[in-house]
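Q: Just passing along the structure, written as structure tokens.
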Amino acid sequence: MPDDDLKLPLLDQLEEGPWPSFVKDLKEQAKRRPQVGQLLKQLEQSYEDHWDYWRGTAINVPGYGGGVIARYSDLGERFPQVAQFHTIRVIEPPGFVYSTDALRQLCDLSEDYGAGIMQLHGMTGDILMLGYDNEKLMEVSEALMEKGWDLGGSGNGMRTIPCCIGPARCEMACYDTLKLTKYLTDKYIGYLHRPEFPYKYKFKLSGCGNDCANSVSRSDMPVIGTWRDDIQIDQEAVAQFVKENGPDWAVRNVTSRCPTHCIHLSGDRIEIDNRNCVRCMHCINVMHLALAPGRDRGVTMLIGGKRTVRSGEMLASVLVPFQKLESDRDYEEFSAIVERIWDFWGEHGNEHERVGEFIDRIGLGAFLDGAGIVPDPQMVTNPRSNPYIKFEEYAAPRLEGEPHKTANVLEHEPDREEDFEGK
Amino acid sequence: MPDDDLKLPLLDQLEEGPWPSFVKDLKEQAKRRPQVGQLLKQLEQSYEDHWDYWRGTAINVPGYGGGVIARYSDLGERFPQVAQFHTIRVIEPPGFVYSTDALRQLCDLSEDYGAGIMQLHGMTGDILMLGYDNEKLMEVSEALMEKGWDLGGSGNGMRTIPCCIGPARCEMACYDTLKLTKYLTDKYIGYLHRPEFPYKYKFKLSGCGNDCANSVSRSDMPVIGTWRDDIQIDQEAVAQFVKENGPDWAVRNVTSRCPTHCIHLSGDRIEIDNRNCVRCMHCINVMHLALAPGRDRGVTMLIGGKRTVRSGEMLASVLVPFQKLESDRDYEEFSAIVERIWDFWGEHGNEHERVGEFIDRIGLGAFLDGAGIVPDPQMVTNPRSNPYIKFEEYAAPRLEGEPHKTANVLEHEPDREEDFEGK
Amino acid sequence: MDGKGKKQLAPRDNGAPDYRKYLHPAMERNYGRWKYHRDIRPGVFVHESESGESLYTVRAGSPRMMSAPLLRRACDIADKFCQGKLRFTSRNNIEFQLEKEEDIQPLIDEIGRVLGFPVGGTGHSFHNIIHTQGWLHCNLPGTDAAGVVKSLMDAFYEEFTHENFPQRVKVSTSCCTINCGGQTDIAINLQHHHPPVIDHNNTKLCELPKVISICPVLAIRPDRLDGRNTVEVIEEKCMYCGACHAQCPALEIRDGETDTLSIWVGGKSASTRGGPSFMKLATWGLPNNPPRWPEVADAVRRILKAYQAGANPYERVGEWIERIGWKNFFAETGFEFTKYHIDSYRWARTTFNTSAHVRL
Amino acid sequence: MDGKGKKQLAPRDNGAPDYRKYLHPAMERNYGRWKYHRDIRPGVFVHESESGESLYTVRAGSPRMMSAPLLRRACDIADKFCQGKLRFTSRNNIEFQLEKEEDIQPLIDEIGRVLGFPVGGTGHSFHNIIHTQGWLHCNLPGTDAAGVVKSLMDAFYEEFTHENFPQRVKVSTSCCTINCGGQTDIAINLQHHHPPVIDHNNTKLCELPKVISICPVLAIRPDRLDGRNTVEVIEEKCMYCGACHAQCPALEIRDGETDTLSIWVGGKSASTRGGPSFMKLATWGLPNNPPRWPEVADAVRRILKAYQAGANPYERVGEWIERIGWKNFFAETGFEFTKYHIDSYRWARTTFNTSAHVRL
Ligand code: SRM
Ligand code: SRM
Ligand code: SRM
Ligand code: SRM
Ligand code: SF4
Ligand code: SF4
Ligand code: SF4
Ligand code: SF4
Ligand code: SF4
Ligand code: SF4
Ligand code: SF4
Ligand code: SF4
């Protein structure tokens with residue numbers, strides 16, 4: 001029954017102010033979908049009590065191990081319409097691009113089966129469709145799939161992949177982020193739908209080091225566009241830039257900010273020692289009419305980012321400094337790396353252990369070995385400063401004639417206490 | 001019996017080459033002191049076997065808990081003269097300055113009772129006098145003390161303190177390193193001679209941030225000279241410097257190397273934003289005819305440096321950003337800080353736990369609390385990036401009505417396994 | 001639990017939608033051929049292609065949570081101005097694209113009239129705040145997210161619609177210590193202050209070994225109570241991280257009375273200049289104060305003011321602080337530096353100032 | 001163990017010698033009044049005082065280990081030239097001080113003739129190498145120290161007596177993994193390759209709880225053998241640090257056959273510019289090859305050559321490497337980067353390159 005006259009003393013205060021109010025919008029929608037009114041009432045109760053009233057358990061659409069976030073209200077008796085109020089995660093179109101047809105289709109499905117409210121988009125990139133009960137959940141899933149949409153990730157599997165707008169509308173893009181998003185999603189859709197990893201695995205794809213997809217801080221495997229030849233310089237545009245801004249400004253705000261001091265302004269020309277350029281993007285960003293990434297492009301693959309829980313914040317770190325991503329062969333090489341990592345982590349990772357935490361436990365050197373990746377000085381800011389190294393080269397049977405075993409993930413596995421010790 | 005014709009096929013090769021040869025010198029000395037010949041023979045055996053032939057245990061001069069490094073030869077039957085071959089550590093004169101009388105006195109004592117060989121100086125700063133047997137050890141100690149010398153540190157106590165030459169011969173010195181060395185040594189001589197700390201405690205004193213005493217990397221409590229007013233600038237000398245070297249050179253090698261970019265060359269004048277100067281010494285070092293430390297001087301006290309063993313390398317970190325060190329009162333304030341640390345670490349440190357390791361175990365915040373030192377943002381390069389904080393402000397009895405206990409060293413003590421876990 | 005759909009559900013594995021169908025025609029034509037962009041005004045920029053074509057983008061701030069009718073109205077606008085195409089950004093904004101410069105103002109007017117959304121959030125502005133579920137949908141939150149964001153965006157509306165900062169300002173919020181929110185220039189996060197309280201009657205709900213093994217500091221151990229298996233939490237070890245709570249609701253970490261908010265600064269994902277960096281604790285103990293959380297906006301404003309006054313062009317918040325030093329950051333914002341600001345977790349030592357570098 | 005001295009020994013607690021008596025008269029007069037210094041030539045500099053006085057210092061490289069007769073000869077020189085005063089530096093050099101410039105050359109000649117010591121080791125030269133006891137006196141060494149240093153200083157004699165580097169080059173050696181040697185620009189350290197071998201008959205010598213508790217990774221646990229208490233080492237956990245060996249000789253960590261030397265670069269104590277820094281692994285597996293350790297000198301020379309060619313003025317070894325990047329360091333020295341270079345100890349993660357910064 002629509003509730004036309006919602007009185008929400010606390011939430012009502014969020015109707016004020018210049019920024020668009022979700023309360024106002026939801027109140028409107030409450031007139032069409034009564035569960036939205038009850039949602040707001042429960043929210044009002046939370047605002048009053050400083051307390052949350054949702055419980056979660058797992059509900060799966062048959063054949064899928066994830067994609068649904070189930071929510072039951074603790075206040076279900078008072079608010080029966082939100083007693084079951086689940087969210088479906090739907091894979092977004094790469095680059096978050098929509099035709100109005102497609103978006104209207106989602107709107108219709110959302111209202112036909114549920115509360116008719118959506119979040120565009122979730123922090124991981126999914127289309128979040130809120131407010132389905134157990135029954136409608138199955139129906140709307142079926143309907144979505146019928147129309148070509150697909151459920152997004154949750155649980156211990158590959159997650160829905162977001163990417164920056166890349167070549168579709170950005171001059172900085174060093175590879176086709178949208179294409180790789182679709183390629184990886186489609187190729188590994190089984191890993192997304194039927195999770196079987198130790199824990200979640202997120203890709204995030206950015207076309208260049210500006211990292212508009214926030215990949216380094218929020219994904220297990222950031223893929224970031226880069227180049228291996230020289231920065232393209234249009235010296236006439238440089239001269240123009242210097243004329244407009246003055247050489248002092250250019251030095252103070254462009255060249256002197258280069259992290260490796262490899263770019264210089266000499267007169268009204270830019271000179272770059274490209275051997276020392278670390279592709280940080282700064283000079284290109286500021287002088288974007290004059291400078292551009294090189295032409296021999298590809299990606300840097302990183303590994304192990306995540307946010308806070310358990311380990312504290314973890315930024316991903318360099319895994320493969322450069323990988324071409326143009327031919328089919330390049331894509332296969334890329335995939336082969338991904339698969340070797342999944343195989344190794346999949347076999348040896350503990351439950352609930354992100355790949356970055358796994359690396360912390362066994363050591364990056366051992367991880368590279370296990371995943372078959374060649375160590376490279378670019379993986380680290382500096383080599384180790386302590387001498388606690390177990391060189392396999394010198395290992396020999398010693399203790400009571402037993403064969404020598406080197407530091408090895410298998411040894412560490414059963415021994416939980418070691419997780420937080422040195423190795 | 002002197003051994004005039006030592007044949008040492010391996011060591012003899014170290015007689016060659018332009019650098020002064022300790023082998024040649026010791027061979028000479030072997031003619032006067034036979035134990036030196038046997039020392040060389042044992043060393044030759046080590047060179048041949050890649051093996052060491054010394055064993056250590058503790059020998060103490062009565063009333064002293066340290067100062068002697070006892071050595072027994074495993075080859076004592078072959079080389080009876082070095083069967084006992086102990087080293088005495090003797091406190092050096094601050095600044096390593098000697099009169100020839102004093103040095104000759106040491107030479108005499110060294111030959112009268114022992115092998116007549118010395119190392120000037122040990123890595124910690126002691127005069128190392130080598131080659132005494134159990135009996136001569138007592139005699140030479142007595143003789144040294146009679147003449148006003150004193151035994152140096154070893155074991156779990158305060159160690160002999162070294163300092164840079166400071167005001168005695170350096171224009172950079174911001175406090176009297178020699179005076180503080182003598183003050184601390186004399187005041188705390190009991191802690192040096194009768195060790196009762198959890199583990200060793202090293203001071204190293206440097207007159208300025210150049211740290212010629214290597215304090216940050218090699219001592220538990222570095223004391224480094226600094227100033228809190230402005231860098232002294234002689235603009236005429238600046239102009240002269242710019243004239244001689246050119247402005248480009250000055251920018252490239254002086255101002256652009258400033259870690260906080262707070263120094264600028266404008267024309268032939270130097271301008272410094274002293275609020276941002278971190279007293280790194282670079283500009284003063286290079287332009288030392290034109291720039292000098294400010295006049296309101298004192299010290300920065302740091303804490304917790306050590307080298308490798310167990311923890312890996314540890315550099316000391318800022319404890320007290322600025323402490324005056326001129327009046328008696330200043331010295332007392334300084335000492336009060338030292339004593340609070342010793343009290344707290346002394347009571348709660350585990351055996352064999354350097355103060356830096358202790359801080360790692362209990363947390364720097366808890367350490368400051370325990371030692372009564374006010375937290376300062378300068379102690380860290382940045383505040384924490386993880387939210388794992390136990391605010392005492394919010395602590396209240398919760399679990400089964402028990403009083404709440406906050407993170408506390410006392411809780412950690414019995415629980416060894418926690419040493420290497422997060423807190 | 002069986003769906004009542006016409007057919008039995010089976011995995012379709014459709015994968016990702018084909019984005020090519022959804023690209024604005026100008027995007028499709030100039031895919032990979034963009035040469036550069038220019039800022040036109042706050043919220044509006046243009047990209048120029050090698051082909052000589054221009055594509056204008058108008059960015060409108062959205063509240064992320066939207067009703068179907070509201071979204072349909074956005075579609076109406078896109079149909080009218082944008083050849084039936086629109087896109088969203090990674091910060092929940094809607095981007096409308098135009099081929100003709102003269103459509104910009106009419107489009108902006110239409111957005112304001114039909115959606116009530118402001119245009120802005122580009123370049124060196126205060127960008128739209130990214131956020132998480134909060135009391136609207138999650139089962140773990142200690143605070144709301146949408147409400148905090150609405151309150152902040154009201155407070156910084158001017159900053160969103162103008163580009164008056166030295167560099168882009170990115171803000172995020174999270175509603176529990178799991179922190180689904182982003183690592184950004186400024187973040188508003190929840191802080192718990194007690195170990196979890198165990199509902200011993202409820203522990204049957206969860207797998208005990210799982211909840212025991214999830215604790216990063218081994219603070220949970222098996223226990224028996226009234227003949228049943230349960231767990232106990234070693235209070236001294238527990239650091240209130242809430243990982244156990246996410247695993248098992250019987251370990252309740254939240255406390256409506258004492259949970260507070262803290263503010264973090266200096267996070268960055270971009271590899272620009274010094275590269276990505278963590279955000280660090282700026283201030284703590286802000287009351288969890290719905291519906292408007294005024295103390296949070298005050299604290300954020302203090303940071304923004306100091307940043308605006310002190311930063312050099314292109315310096316992100318964290319870069320500015322690194323340059324002036326944390327001592328001056330605390331002095332200029334008026335926040336107090338406490339022992340809690342000093343890291344005590346796994347890599348604490350690596351945050352210590354291991355030099356004689358001091359600002360006096 | 002009772003001394004046979006005339007009286008029973010008792011603590012005298014004399015404390016530190018009174019340095020004032022030992023200062024060169026010009027030092028005493030100008031104590032705290034020095035204005036600046038100038039370099040005269042390698043090994044010689046002058047300090048000027050506010051008083052107008054000058055003090056010339058001549059620095060002579062010593063092998064640290066010296067016989068009484070040799071030291072007496074040094075005293076003779078000081079008596080002749082330096083008003084009976086001399087000093088040592090923190091790097092084991094002897095400094096002779098003069099008030100008259102014209103005495104410099106005669107003094108240098110005398111040093112050469114009487115002591116055979118070179119003059120140098122100042123400014124931007126290869127400074128005297130600091131070192132530890134080695135097989136001469138310690139009970140723990142896996143290699144010698146004095147011998148390694150003599151061999152290296154022979155190899156770099158020219159570099160000691162000239163000032164041809166971009167900045168001072170400080171080198172240290174250590175003879176076991178305890179590393180009594182300094183954290184310096186270049187360090188030569190010993191590397192063990194096996195867990196300790198336990199001499200079970202000997203464990204009675206030590207306190208078992210102490211040796212168990214000293215292991216940083218809890219690799220030692222109590223054991224019983226033939227009815228006696230002993231310990232066992234969990235080989236997989238042990239990282240060959242040797243801490244137990246220092247505590248108890250029955251846990252033998254050394255191995256004359258497999259112990260090798262490794263070279264570390266980029267350590268620094270000075271707070272200059274970026275501040276102090278750790279030294280990092282450059283190369284490993286150099287044979288422990290007495291009496292001349294030629295492979296060590298070769299490796300050090302590779303570093304010095306690349307440093308000399310590539311560093312900017314005033315850049316210490318570590319600063320140069322940071323600027324050009326470790327990739328180029330390995331390329332220019334020809335050392336191989338291996339998985340062992342990647343840290344695996346407590347703060348390993350903080351050494352990872354958490355950015356998209358790559359040199360391609
Ligand atoms: C919906 C969403 C927040 C939002 O409002 O946007 C979200 C919501 C939840 N996250 Fe998250 N996370 C969401 C993005 C993130 C992100 C950001 C990202 O992906 O860029 C992170 C940080 C990055 C990372 O992966 O570390 C994130 C880190 C977590 C974690 C901590 C994982 C870790 O190992 O650190 C958990 C807890 C867990 O997995 O046990 C978690 C768990 C959860 C759960 C499933 C809580 C639970 O266990 O029941 C939340 C469901 C809320 C709900 O009712 O829908 N969520 N979560 C985001 C997913 C939307 C989408 O699919 O598009
Ligand atoms: C549309 C969007 C990509 C997308 O696929 O959706 C995007 C688009 C552009 N970004 Fe971005 N960035 C977008 C999110 C991001 C993010 C992620 C985020 O906001 O959470 C970041 C990383 C933030 C971080 O480090 O934490 C990001 C860091 C940058 C930077 C680097 C800034 C810096 O110096 O640190 C640039 C370069 C610049 O400013 O010139 C950039 C530049 C740009 C340019 C100018 C690129 C171009 O030439 O087209 C685009 C116009 C931006 C504008 O706002 O003026 N974009 N950009 C995202 C818009 C978000 C929004 O609605 O506000
Ligand atoms: C003699 C000397 C080396 C030298 O040739 O100069 C030395 C020699 C020994 N050191 Fe050292 N250390 C010497 C300076 C150092 C330094 C450097 C310094 O003080 O600047 C360090 C590194 C800084 C530090 O303190 O961390 C150092 C760190 C150690 C350690 C590791 C302590 C730690 O916690 O990291 C040990 C092992 C221990 O204490 O258990 C140790 C133990 C030893 C012992 C006592 C080995 C033993 O347990 O028997 C060695 C006695 C050798 C002998 O036969 O005389 N020595 N030791 C140095 C003392 C001379 C002096 O008194 O002037
Ligand atoms: C004599 C001595 C102090 C002492 O009490 O014994 C000393 C004396 C001077 N040092 Fe030093 N330093 C001495 C050991 C050190 C050390 C410690 C060490 O060598 O182990 C360091 C720290 C090394 C490190 O960072 O690891 C040291 C780092 C400096 C620096 C900083 C260099 C830099 O930029 O990083 C300067 C400043 C400079 O070079 O202008 C300096 C400058 C000086 C000056 C120029 C200071 C002055 O104005 O008088 C002195 C003449 C030095 C020369 O060699 O040209 N001294 N100096 C030490 C001589 C050692 C030797 O015999 O070779
Ligand atoms: S990450 Fe780079 S390529 Fe992608 S949108 Fe941002 S600036 Fe463009
Ligand atoms: S991209 Fe970054 S590293 Fe490369 S030259 Fe430009 S500013 Fe320097
Ligand atoms: S540390 Fe400073 S004061 Fe001491 S000798 Fe070195 S430069 Fe001079
Ligand atoms: S002392 Fe260092 S920090 Fe201060 S102005 Fe000079 S170079 Fe800059
Ligand atoms: S931050 Fe916590 S409460 Fe908020 S959505 Fe994520 S898991 Fe839920
Ligand atoms: S809150 Fe965190 S630290 Fe405390 S018991 Fe739960 S998982 Fe362990
Ligand atoms: S480094 Fe090791 S072997 Fe050498 S003196 Fe120090 S403790 Fe002895
Ligand atoms: S060598 Fe080190 S790690 Fe190995 S058992 Fe001994 S103390 Fe432990």
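Residues in the structure tokens are named by chain (A, B, ... in the order shown) and by number from 1 within that chain; ligands are numbered from 1 in the order shown.
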Could you give me the residues within region 176-326 of chain A that DSSP places in helix (DSSP H, G or I), as a PyMOL selection string?
A: chain A and resi 177-187+189-193+215-218+235-245+247-253+255-257+274-276+282-286
Q: Quick one: write out the picked residues with C-alpha atoms as an mmCIF file, in the first residue's frame?
A:
```cif
data_model
loop_
_atom_site.group_PDB
_atom_site.id
_atom_site.type_symbol
_atom_site.label_atom_id
_atom_site.label_comp_id
_atom_site.auth_asym_id
_atom_site.auth_seq_id
_atom_site.Cartn_x
_atom_site.Cartn_y
_atom_site.Cartn_z
ATOM 1 C CA THR A 177 40.465 -0.933 -21.377
ATOM 2 C CA LEU A 178 36.916 -1.660 -22.483
ATOM 3 C CA LYS A 179 37.981 -4.518 -24.708
ATOM 4 C CA LEU A 180 40.101 -6.114 -22.007
ATOM 5 C CA THR A 181 37.250 -5.763 -19.526
ATOM 6 C CA LYS A 182 34.921 -7.635 -21.820
ATOM 7 C CA TYR A 183 37.586 -10.164 -22.763
ATOM 8 C CA LEU A 184 38.417 -11.050 -19.171
ATOM 9 C CA THR A 185 34.798 -11.023 -18.024
ATOM 10 C CA ASP A 186 33.673 -13.310 -20.801
ATOM 11 C CA LYS A 187 36.680 -15.599 -20.748
ATOM 12 C CA ILE A 189 32.826 -15.804 -16.474
ATOM 13 C CA GLY A 190 32.860 -19.221 -14.816
ATOM 14 C CA TYR A 191 35.269 -17.992 -12.164
ATOM 15 C CA LEU A 192 32.923 -15.085 -11.574
ATOM 16 C CA HIS A 193 29.732 -17.106 -11.356
ATOM 17 C CA SER A 215 43.096 0.115 -9.452
ATOM 18 C CA VAL A 216 46.236 0.306 -7.323
ATOM 19 C CA SER A 217 44.403 0.877 -4.079
ATOM 20 C CA ARG A 218 41.353 -1.232 -4.681
ATOM 21 C CA GLN A 235 57.927 21.253 -29.517
ATOM 22 C CA GLU A 236 55.817 23.935 -31.114
ATOM 23 C CA ALA A 237 53.094 23.338 -28.599
ATOM 24 C CA VAL A 238 55.773 23.374 -25.896
ATOM 25 C CA ALA A 239 56.904 26.780 -27.045
ATOM 26 C CA GLN A 240 53.316 27.938 -27.015
ATOM 27 C CA PHE A 241 52.851 26.605 -23.501
ATOM 28 C CA VAL A 242 55.994 28.352 -22.302
ATOM 29 C CA LYS A 243 54.861 31.533 -23.941
ATOM 30 C CA GLU A 244 51.498 31.410 -22.241
ATOM 31 C CA ASN A 245 52.637 30.381 -18.793
ATOM 32 C CA PRO A 247 59.262 29.388 -18.198
ATOM 33 C CA ASP A 248 59.325 29.849 -14.441
ATOM 34 C CA TRP A 249 55.812 28.497 -14.065
ATOM 35 C CA ALA A 250 56.676 25.586 -16.328
ATOM 36 C CA VAL A 251 59.713 24.688 -14.281
ATOM 37 C CA ARG A 252 57.971 25.120 -10.967
ATOM 38 C CA ASN A 253 54.883 23.147 -11.880
ATOM 39 C CA THR A 255 59.595 19.796 -14.794
ATOM 40 C CA SER A 256 60.540 20.175 -11.141
ATOM 41 C CA ARG A 257 57.686 17.851 -10.168
ATOM 42 C CA ASN A 274 63.313 8.717 -21.363
ATOM 43 C CA ARG A 275 65.458 6.008 -19.826
ATOM 44 C CA ASN A 276 64.639 7.506 -16.455
ATOM 45 C CA HIS A 282 52.460 14.359 -14.613
ATOM 46 C CA CYS A 283 54.161 16.276 -17.412
ATOM 47 C CA ILE A 284 51.739 14.855 -19.955
ATOM 48 C CA ASN A 285 48.741 15.781 -17.805
ATOM 49 C CA VAL A 286 49.796 19.366 -17.381
#
```
Q: Could the residues of chain C within 7 Å of chain B, counting only C-alpha atoms, be given as number ranges by chain, please?
A: C: 193-194, 197, 217, 236-237, 239-241, 258, 278-281, 323-324, 326-327, 337-346, 349, 351-360
Q: Quick one: residues within 8 Å of ligand 11, with only C-alpha atoms and all ligand atoms, as a PyMOL selection string?
A: chain D and resi 132-135+137-145+174-181+246
Q: Please measure the separation of atom 48 (O, counted along the ligand's line) of ligand 2 and CA of Thr272 (chain C), giving the value in Å to one decimal.
A: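 Between these atoms lies a distance of 13.8 Å.
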Q: For ligand 2, collect every residue having any atom at a distance of at most 7 Å from a ligand atom (counting only C-alpha atoms and all ligand atoms); output as a PyMOL selection string.
A: (chain A and resi 95+163-166+169-172+210-214+282+285-286) or (chain C and resi 36-37+88-93+121-123+127-128+168+170+183-185+267-270+272+276+314+316)
Q: List every residue of region 197-340 of chain C that DSSP, applied to the backbone of this structure, places in strand (DSSP E or B), and write the result as a ChimeraX atom specification.
A: /C:197-198,220-225,228-233,251-252,260-265,268,277,280-287
Q: Neighbouring residues of ligand 3 are defined here as those with any atom at most 8 Å from a ligand atom, counting only C-alpha atoms and all ligand atoms; list them as a ChimeraX atom specification.
A: /B:56-57,69-71,86-87,89,121-128,152-155,159-160,199-202,214-215,217-220,305-311,352-354 /D:131-134,136-140,178-182,243,246-247
Q: Residues near Glu15 (chain A), anyone? I mean within 6 Å using only C-alpha atoms, not counting same-chain ones fewer than 4 positions away, as a VMD selection string.
A: chain A and resid 21 23 to 24
Q: May I have the residues from that selection written out with N, CA, C and O atoms, as an mmCIF file, in the first residue's frame?
A:
```
data_model
loop_
_atom_site.group_PDB
_atom_site.id
_atom_site.type_symbol
_atom_site.label_atom_id
_atom_site.label_comp_id
_atom_site.auth_asym_id
_atom_site.auth_seq_id
_atom_site.Cartn_x
_atom_site.Cartn_y
_atom_site.Cartn_z
ATOM 1 N N SER A 21 18.702 15.069 -3.289
ATOM 2 C CA SER A 21 18.426 14.312 -2.073
ATOM 3 C C SER A 21 17.892 12.936 -2.404
ATOM 4 O O SER A 21 16.841 12.780 -3.032
ATOM 5 N N VAL A 23 16.660 11.077 -0.289
ATOM 6 C CA VAL A 23 15.445 10.913 0.517
ATOM 7 C C VAL A 23 14.228 11.394 -0.268
ATOM 8 O O VAL A 23 13.190 10.716 -0.330
ATOM 9 N N LYS A 24 14.398 12.554 -0.887
ATOM 10 C CA LYS A 24 13.307 13.105 -1.685
ATOM 11 C C LYS A 24 12.917 12.124 -2.798
ATOM 12 O O LYS A 24 11.745 11.806 -2.998
#
```
Q: Give the answer as one residue: which of C:Ser277, C:Gly325, C:Phe330, C:Cys238 has the shortest atom-to-atom distance to chain D, using only C-alpha atoms?
A: C:Ser277
Q: So how far away is CA of Arg87 (chain C) from CA of Pro94 (chain A), in Å?
A: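 The value is 10.3 Å.
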Q: Please, what distance in Å, to one decimal, runs between CA of Leu55 (chain C) and CA of Asp103 (chain C)?
A: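 Straight-line distance from CA of Leu55 (chain C) to CA of Asp103 (chain C) works out to 11.4 Å.
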